[in-house]
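Notes follow once the structure below has been shown.
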Amino acid sequence: MREVATALACGLLLLGSSAQVHADESDLVEASATIKKQVFADMTIPWNPDQRCTSVALAKSNHRWALMSTSKYGWDHCGPSSGHSRVIKKTAKGWTYLFYDMENDGCTRFHVPMSVRHDFAPYVC
């Protein structure tokens, strides 16, 4: 019985540590290639996915808000946690840059909804 309890405790510790990573990632939805191309077009950035890894991660609670991050280190380092992110938003004029993740007042200044702040919590706000 003690071995079962020990194994269960170890399993829960491992599950807890991996669940934290997946819980953070589950608050974001990776944008499709079509949306990424639209983001690049709206922000007048040349579209060249082979040149560098670019992640556009939509807030799960509101797909009009997203984090955009790039990494020059390759495909295995993609995603919003691969360095610094830019907060972007889809407006009537298309996707637009709002602020850089290191700007402490960005969420307040741009009135980021609380649900989106929750989604972005590990990265921004």
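Simple scheme: letters A, B, ... for chains in structure tokens order, numbers from 1 for residues in each chain, numbers from 1 for ligands in the order shown.
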
- Item | Spatial neighbours of Val56 of chain A, max dist 7 Å, only C-alpha atoms, sep filter under 6 positions, as JSON, numbers by chain | {"A": [30, 31, 36, 66, 67, 68, 69]}

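Take atom CA of Met43 of chain A and atom CA of Ala121 of chain A: the distance between them is 24.3 Å.
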
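One distance worth recording is that between atom CA of Thr91 of chain A and atom CA of Thr44 of chain A, which is 15.2 Å.
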
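Going from atom CA of Met114 of chain A over to atom CA of Gln38 of chain A, you cover 25.8 Å.
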
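Take the candidates A:Asp27, A:Asp105, A:Asp119, A:Asp42 and check each one against Lys90 of chain A using only C-alpha atoms; the shortest distance goes to A:Asp42.
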
- Message: Just checking: using only C-alpha atoms, which residue out of A:Leu28, A:Ala92, A:Cys125, A:Ile45 ends up closest to His111 of chain A?
- Response: A:Cys125

- Note on the structure: If you count only C-alpha atoms, the residue of A:Ala41, A:Arg86, A:Ala57, A:Pro46 closest to Cys107 of chain A turns out to be A:Arg86

Would you kindly return, as a PDB file with N, CA and C atoms, in the first residue's frame, each protein, DNA or RNA residue with an atom no farther than 12 Å from any atom of Val87 of chain A, considering only C-alpha atoms and excluding same-chain residues fewer than 5 positions away?
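Below is the file that was written, around37.pdb:
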ATOM      1  N   VAL A  39      -1.969  38.760 -40.394  1.00  0.00           N
ATOM      2  CA  VAL A  39      -1.281  39.592 -39.408  1.00  0.00           C
ATOM      3  C   VAL A  39      -0.078  40.262 -40.054  1.00  0.00           C
ATOM      4  N   SER A  55       5.402  33.068 -33.985  1.00  0.00           N
ATOM      5  CA  SER A  55       4.198  32.536 -33.365  1.00  0.00           C
ATOM      6  C   SER A  55       3.185  33.662 -33.228  1.00  0.00           C
ATOM      7  N   VAL A  56       1.967  33.380 -33.611  1.00  0.00           N
ATOM      8  CA  VAL A  56       0.855  34.276 -33.340  1.00  0.00           C
ATOM      9  C   VAL A  56      -0.114  33.440 -32.524  1.00  0.00           C
ATOM     10  N   ALA A  57      -0.193  33.765 -31.237  1.00  0.00           N
ATOM     11  CA  ALA A  57      -1.029  33.000 -30.317  1.00  0.00           C
ATOM     12  C   ALA A  57      -2.215  33.844 -29.894  1.00  0.00           C
ATOM     13  N   LEU A  58      -3.404  33.388 -30.250  1.00  0.00           N
ATOM     14  CA  LEU A  58      -4.632  34.106 -29.952  1.00  0.00           C
ATOM     15  C   LEU A  58      -5.059  33.831 -28.512  1.00  0.00           C
ATOM     16  N   ALA A  59      -5.598  34.833 -27.849  1.00  0.00           N
ATOM     17  CA  ALA A  59      -6.165  34.625 -26.518  1.00  0.00           C
ATOM     18  C   ALA A  59      -7.380  33.713 -26.676  1.00  0.00           C
ATOM     19  N   ARG A  64      -9.674  38.312 -30.842  1.00  0.00           N
ATOM     20  CA  ARG A  64      -9.230  39.599 -31.404  1.00  0.00           C
ATOM     21  C   ARG A  64      -7.936  40.067 -30.770  1.00  0.00           C
ATOM     22  N   TRP A  65      -7.491  39.413 -29.701  1.00  0.00           N
ATOM     23  CA  TRP A  65      -6.250  39.749 -29.009  1.00  0.00           C
ATOM     24  C   TRP A  65      -5.262  38.630 -29.230  1.00  0.00           C
ATOM     25  N   ALA A  66      -3.991  38.963 -29.431  1.00  0.00           N
ATOM     26  CA  ALA A  66      -2.980  37.932 -29.672  1.00  0.00           C
ATOM     27  C   ALA A  66      -1.611  38.379 -29.196  1.00  0.00           C
ATOM     28  N   LEU A  67      -0.759  37.396 -29.003  1.00  0.00           N
ATOM     29  CA  LEU A  67       0.652  37.628 -28.726  1.00  0.00           C
ATOM     30  C   LEU A  67       1.415  37.209 -29.963  1.00  0.00           C
ATOM     31  N   MET A  68       2.364  38.014 -30.354  1.00  0.00           N
ATOM     32  CA  MET A  68       3.194  37.702 -31.516  1.00  0.00           C
ATOM     33  C   MET A  68       4.640  37.672 -31.047  1.00  0.00           C
ATOM     34  N   SER A  69       5.319  36.559 -31.286  1.00  0.00           N
ATOM     35  CA  SER A  69       6.717  36.470 -30.868  1.00  0.00           C
ATOM     36  C   SER A  69       7.531  35.799 -31.960  1.00  0.00           C
ATOM     37  N   PRO A  80       4.973  31.790 -27.581  1.00  0.00           N
ATOM     38  CA  PRO A  80       4.996  33.032 -26.845  1.00  0.00           C
ATOM     39  C   PRO A  80       6.039  33.069 -25.735  1.00  0.00           C
ATOM     40  N   TRP A  95      -5.082  43.868 -38.149  1.00  0.00           N
ATOM     41  CA  TRP A  95      -4.237  43.623 -36.986  1.00  0.00           C
ATOM     42  C   TRP A  95      -3.283  44.784 -36.774  1.00  0.00           C
ATOM     43  N   THR A  96      -3.174  45.204 -35.532  1.00  0.00           N
ATOM     44  CA  THR A  96      -2.312  46.329 -35.204  1.00  0.00           C
ATOM     45  C   THR A  96      -1.510  46.048 -33.935  1.00  0.00           C
ATOM     46  N   TYR A  97      -0.304  46.559 -33.912  1.00  0.00           N
ATOM     47  CA  TYR A  97       0.576  46.432 -32.757  1.00  0.00           C
ATOM     48  C   TYR A  97       0.118  47.393 -31.666  1.00  0.00           C
ATOM     49  N   LEU A  98       0.058  46.890 -30.419  1.00  0.00           N
ATOM     50  CA  LEU A  98      -0.312  47.755 -29.301  1.00  0.00           C
ATOM     51  C   LEU A  98       0.872  48.066 -28.398  1.00  0.00           C
ATOM     52  N   PHE A  99       1.505  47.017 -27.860  1.00  0.00           N
ATOM     53  CA  PHE A  99       2.627  47.259 -26.962  1.00  0.00           C
ATOM     54  C   PHE A  99       3.508  46.022 -26.837  1.00  0.00           C
ATOM     55  N   TYR A 100       4.694  46.268 -26.340  1.00  0.00           N
ATOM     56  CA  TYR A 100       5.717  45.256 -26.112  1.00  0.00           C
ATOM     57  C   TYR A 100       5.510  44.669 -24.719  1.00  0.00           C
ATOM     58  N   ASP A 101       5.808  43.412 -24.513  1.00  0.00           N
ATOM     59  CA  ASP A 101       5.510  42.763 -23.233  1.00  0.00           C
ATOM     60  C   ASP A 101       6.233  43.373 -22.032  1.00  0.00           C
ATOM     61  N   MET A 102       7.297  44.124 -22.247  1.00  0.00           N
ATOM     62  CA  MET A 102       8.044  44.718 -21.134  1.00  0.00           C
ATOM     63  C   MET A 102       7.452  46.048 -20.669  1.00  0.00           C
ATOM     64  N   GLU A 103       6.439  46.530 -21.350  1.00  0.00           N
ATOM     65  CA  GLU A 103       5.790  47.774 -20.934  1.00  0.00           C
ATOM     66  C   GLU A 103       4.790  47.450 -19.824  1.00  0.00           C
ATOM     67  N   GLY A 106       1.054  48.566 -20.191  1.00  0.00           N
ATOM     68  CA  GLY A 106       0.385  48.287 -21.466  1.00  0.00           C
ATOM     69  C   GLY A 106      -1.026  47.764 -21.321  1.00  0.00           C
ATOM     70  N   CYS A 107      -1.233  46.839 -20.402  1.00  0.00           N
ATOM     71  CA  CYS A 107      -2.575  46.253 -20.247  1.00  0.00           C
ATOM     72  C   CYS A 107      -3.585  47.289 -19.775  1.00  0.00           C
ATOM     73  N   PHE A 110      -4.074  50.084 -22.724  1.00  0.00           N
ATOM     74  CA  PHE A 110      -4.850  49.636 -23.886  1.00  0.00           C
ATOM     75  C   PHE A 110      -6.125  48.898 -23.495  1.00  0.00           C
ATOM     76  N   VAL A 112      -6.934  46.170 -21.809  1.00  0.00           N
ATOM     77  CA  VAL A 112      -7.009  44.738 -22.086  1.00  0.00           C
ATOM     78  C   VAL A 112      -8.064  44.136 -21.159  1.00  0.00           C
ATOM     79  N   VAL A 116      -8.742  38.348 -21.112  1.00  0.00           N
ATOM     80  CA  VAL A 116      -7.536  38.293 -21.940  1.00  0.00           C
ATOM     81  C   VAL A 116      -6.302  38.412 -21.050  1.00  0.00           C
ATOM     82  N   ARG A 117      -6.373  39.256 -20.028  1.00  0.00           N
ATOM     83  CA  ARG A 117      -5.251  39.346 -19.075  1.00  0.00           C
ATOM     84  C   ARG A 117      -4.985  37.996 -18.446  1.00  0.00           C
ATOM     85  N   PHE A 120      -3.189  35.860 -20.982  1.00  0.00           N
ATOM     86  CA  PHE A 120      -1.826  36.338 -21.226  1.00  0.00           C
ATOM     87  C   PHE A 120      -0.954  36.319 -19.966  1.00  0.00           C
ATOM     88  N   TYR A 123       2.737  35.621 -19.710  1.00  0.00           N
ATOM     89  CA  TYR A 123       3.585  36.297 -20.687  1.00  0.00           C
ATOM     90  C   TYR A 123       3.543  37.823 -20.580  1.00  0.00           C
ATOM     91  N   VAL A 124       2.362  38.364 -20.325  1.00  0.00           N
ATOM     92  CA  VAL A 124       2.150  39.813 -20.299  1.00  0.00           C
ATOM     93  C   VAL A 124       1.127  40.113 -19.203  1.00  0.00           C
ATOM     94  N   CYS A 125       1.103  41.345 -18.757  1.00  0.00           N
ATOM     95  CA  CYS A 125       0.125  41.830 -17.755  1.00  0.00           C
ATOM     96  C   CYS A 125       0.443  41.243 -16.392  1.00  0.00           C
TER      97      CYS A 125
END
